[in-house]
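Quick notes on the structure that follows.
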Amino acid sequence: METYLRMADLPYQNYFGGKLSAQGKMPWIEYNHEKVSGTEFIIDFLEEKLGVNLNKNLGPHERAISRAVTKMVEEHFYWTLAYCQWVDNLNETRKMLSLSGGGPFSNLLRWVVCHITKGIVKREMHGHGIGRFSEEEIYMLMEKDMRSLAGLLGDKKYIMGPKLSTLDATVFGHLAQAMWTLPGTRPERLIKGELINLAMYCERIRRKFWPEWHHEDDNTIYESEESSDGSKTHTPLLDFSFYSRTETFEDEGAENSFSRTPDTDFTGHSLFDSDVDMDDYTDHEQCK
């Protein structure tokens, strides 16, 4: 969800209170005191309210493919990653887990949180059905999904072609776990080995939309056709609680060529505390 907001160049602020939506799910957003839960519903809501559309270059056939792949990733590949993260690779996950407060009980608290989460994940996977298979079978299903994504991507810049689509936010959000949060596991070995085009794809999106996600000791060699930019110095943003891509990157096309501040649309309306006038958007689109 956060990668989608960056791709669509929509300012946002994160809250880490852990509160779930009315449906008991994450992610959820609040816009003008209106709460929306679920990635698909959030994207539909933002498209209607703000006029953004990352899929405007896709035809009906491509949109159908995009939705099918999205559901494969969200409803199938997701669970194999959850298994690797919270069941098979739990000890490594516990080392990476960050808990506020610290103190002498932080290690114990991490252990408790991880094992509670492991139990929840196993129960949910059993209800889904995928958790009823053996470890080897679950990893076989994961590999099939990853190979399907690699085949679909091929040597293209993005999944559906030369331009971004909503599908890229979905795919990156899941593959990023295999790239950077599952050290030494089968999905990491696969993405950084045989399916190297997926690693290049992840690195491409990370550098473009997550400029502060950079480490001086990052010795990755997964370059893309934009590798000439790889030597540029990435300046971390000072305030990670608020993000806007507007003044960080050049826009890819003229569709976002209007001038605005990070927290307003092209009409000057605030994206935080006032609804965007969709008539203005319509007029703007007609003038282009």
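Letters A, B, ... go to the chains of the structure tokens in the order shown; residues in each chain start at 1; ligands are counted from 1 in the same order.
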Please identify all polymer residues within 10 Å of segment 150-153 of chain A, counting only C-alpha atoms, omitting same-chain residues fewer than 2 positions from it, and present them as a PyMOL selection string. chain A and resi 69+144-148+155-161+191+194-199+201
Writer output for current selection, C-alpha atoms, as a CSV table (one decimal), in the first residue's frame:
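Result went into result-v9.csv, see below:
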```
chain,number,residue,atom,x,y,z
A,69,VAL,CA,-1.8,-11.9,-11.1
A,144,LYS,CA,5.8,-21.9,-9.0
A,145,ASP,CA,4.5,-18.4,-8.2
A,146,MET,CA,7.9,-16.8,-8.3
A,147,ARG,CA,8.7,-18.5,-11.6
A,148,SER,CA,5.4,-17.3,-13.0
A,155,ASP,CA,13.2,-8.4,-19.7
A,156,LYS,CA,10.6,-5.7,-19.3
A,157,LYS,CA,11.1,-2.7,-17.0
A,158,TYR,CA,7.8,-3.3,-15.2
A,159,ILE,CA,5.4,-6.3,-15.0
A,160,MET,CA,3.0,-5.0,-17.6
A,161,GLY,CA,5.4,-3.2,-19.8
A,191,ILE,CA,15.3,-14.5,-6.4
A,194,GLU,CA,18.1,-18.2,-11.0
A,195,LEU,CA,15.4,-15.6,-11.1
A,196,ILE,CA,17.8,-12.6,-11.2
A,197,ASN,CA,15.4,-10.5,-13.3
A,198,LEU,CA,13.1,-10.3,-10.2
A,199,ALA,CA,16.0,-9.1,-8.1
A,201,TYR,CA,13.2,-5.4,-10.7
```
With only C-alpha atoms as the counted atoms, please give the residues lying no more than 7 Å from Ser37 of chain A, apart from itself and same-chain residues fewer than 3 positions off, as a PDB file with C-alpha atoms, in the first residue's frame.
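Final file, part.pdb:
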```
ATOM      1  CA  SER A  21      -9.741  -1.585  10.977  1.00  0.00           C
ATOM      2  CA  MET A  26      -4.570  -3.974   7.904  1.00  0.00           C
ATOM      3  CA  PRO A  27      -3.859  -1.833   6.005  1.00  0.00           C
ATOM      4  CA  TRP A  28      -6.450   0.864   6.396  1.00  0.00           C
ATOM      5  CA  ILE A  29      -6.402   4.601   5.771  1.00  0.00           C
ATOM      6  CA  PHE A  41     -10.869  -0.805  -1.682  1.00  0.00           C
ATOM      7  CA  ILE A  42      -8.321   1.823  -0.661  1.00  0.00           C
TER       8      ILE A  42
END
```
Could you give me, as a list in words, the residues within 10 Å of Thr117 of chain A, counting only C-alpha atoms and dropping anything in the same chain fewer than 6 positions from it? Trp86, Val87, Leu90, Trp111 and Arg123 of chain A
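Across A:Tyr4, A:Tyr83, A:Phe16, A:Phe77, the tightest approach to Asn53 of chain A is made by A:Tyr4 when counting only C-alpha atoms.
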With distances taken over only C-alpha atoms, which residue among A:Phe133, A:Leu167, A:Met179, A:Tyr15 lies nearest Glu203 of chain A? A:Met179
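Nearest-residue note for Asn32 of chain A: choosing from A:Leu164, A:Leu46, A:Lys19, A:Glu143, the minimum distance belongs to A:Leu46, counting only C-alpha atoms.
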Which residues, written as a list in words, have at least one atom at most 9 Å from Tyr139 of chain A, with only C-alpha atoms counted and residues fewer than 5 positions away on the same chain left out?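 The filter keeps Thr80, Cys84, Ser134, Lys144, Arg186 and Pro187 of chain A.
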Please produce a file of those selected residues containing C-alpha atoms, as a PDB file, in the first residue's frame.
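Writing done, so here's again.pdb:
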```pdb
ATOM      1  CA  THR A  80       3.905 -19.087   1.334  1.00  0.00           C
ATOM      2  CA  CYS A  84       8.682 -18.852   5.477  1.00  0.00           C
ATOM      3  CA  SER A 134       3.840 -30.311   3.844  1.00  0.00           C
ATOM      4  CA  LYS A 144       5.818 -21.880  -9.011  1.00  0.00           C
ATOM      5  CA  ARG A 186      14.891 -20.720  -0.359  1.00  0.00           C
ATOM      6  CA  PRO A 187      13.008 -17.700  -1.756  1.00  0.00           C
TER       7      PRO A 187
END
```
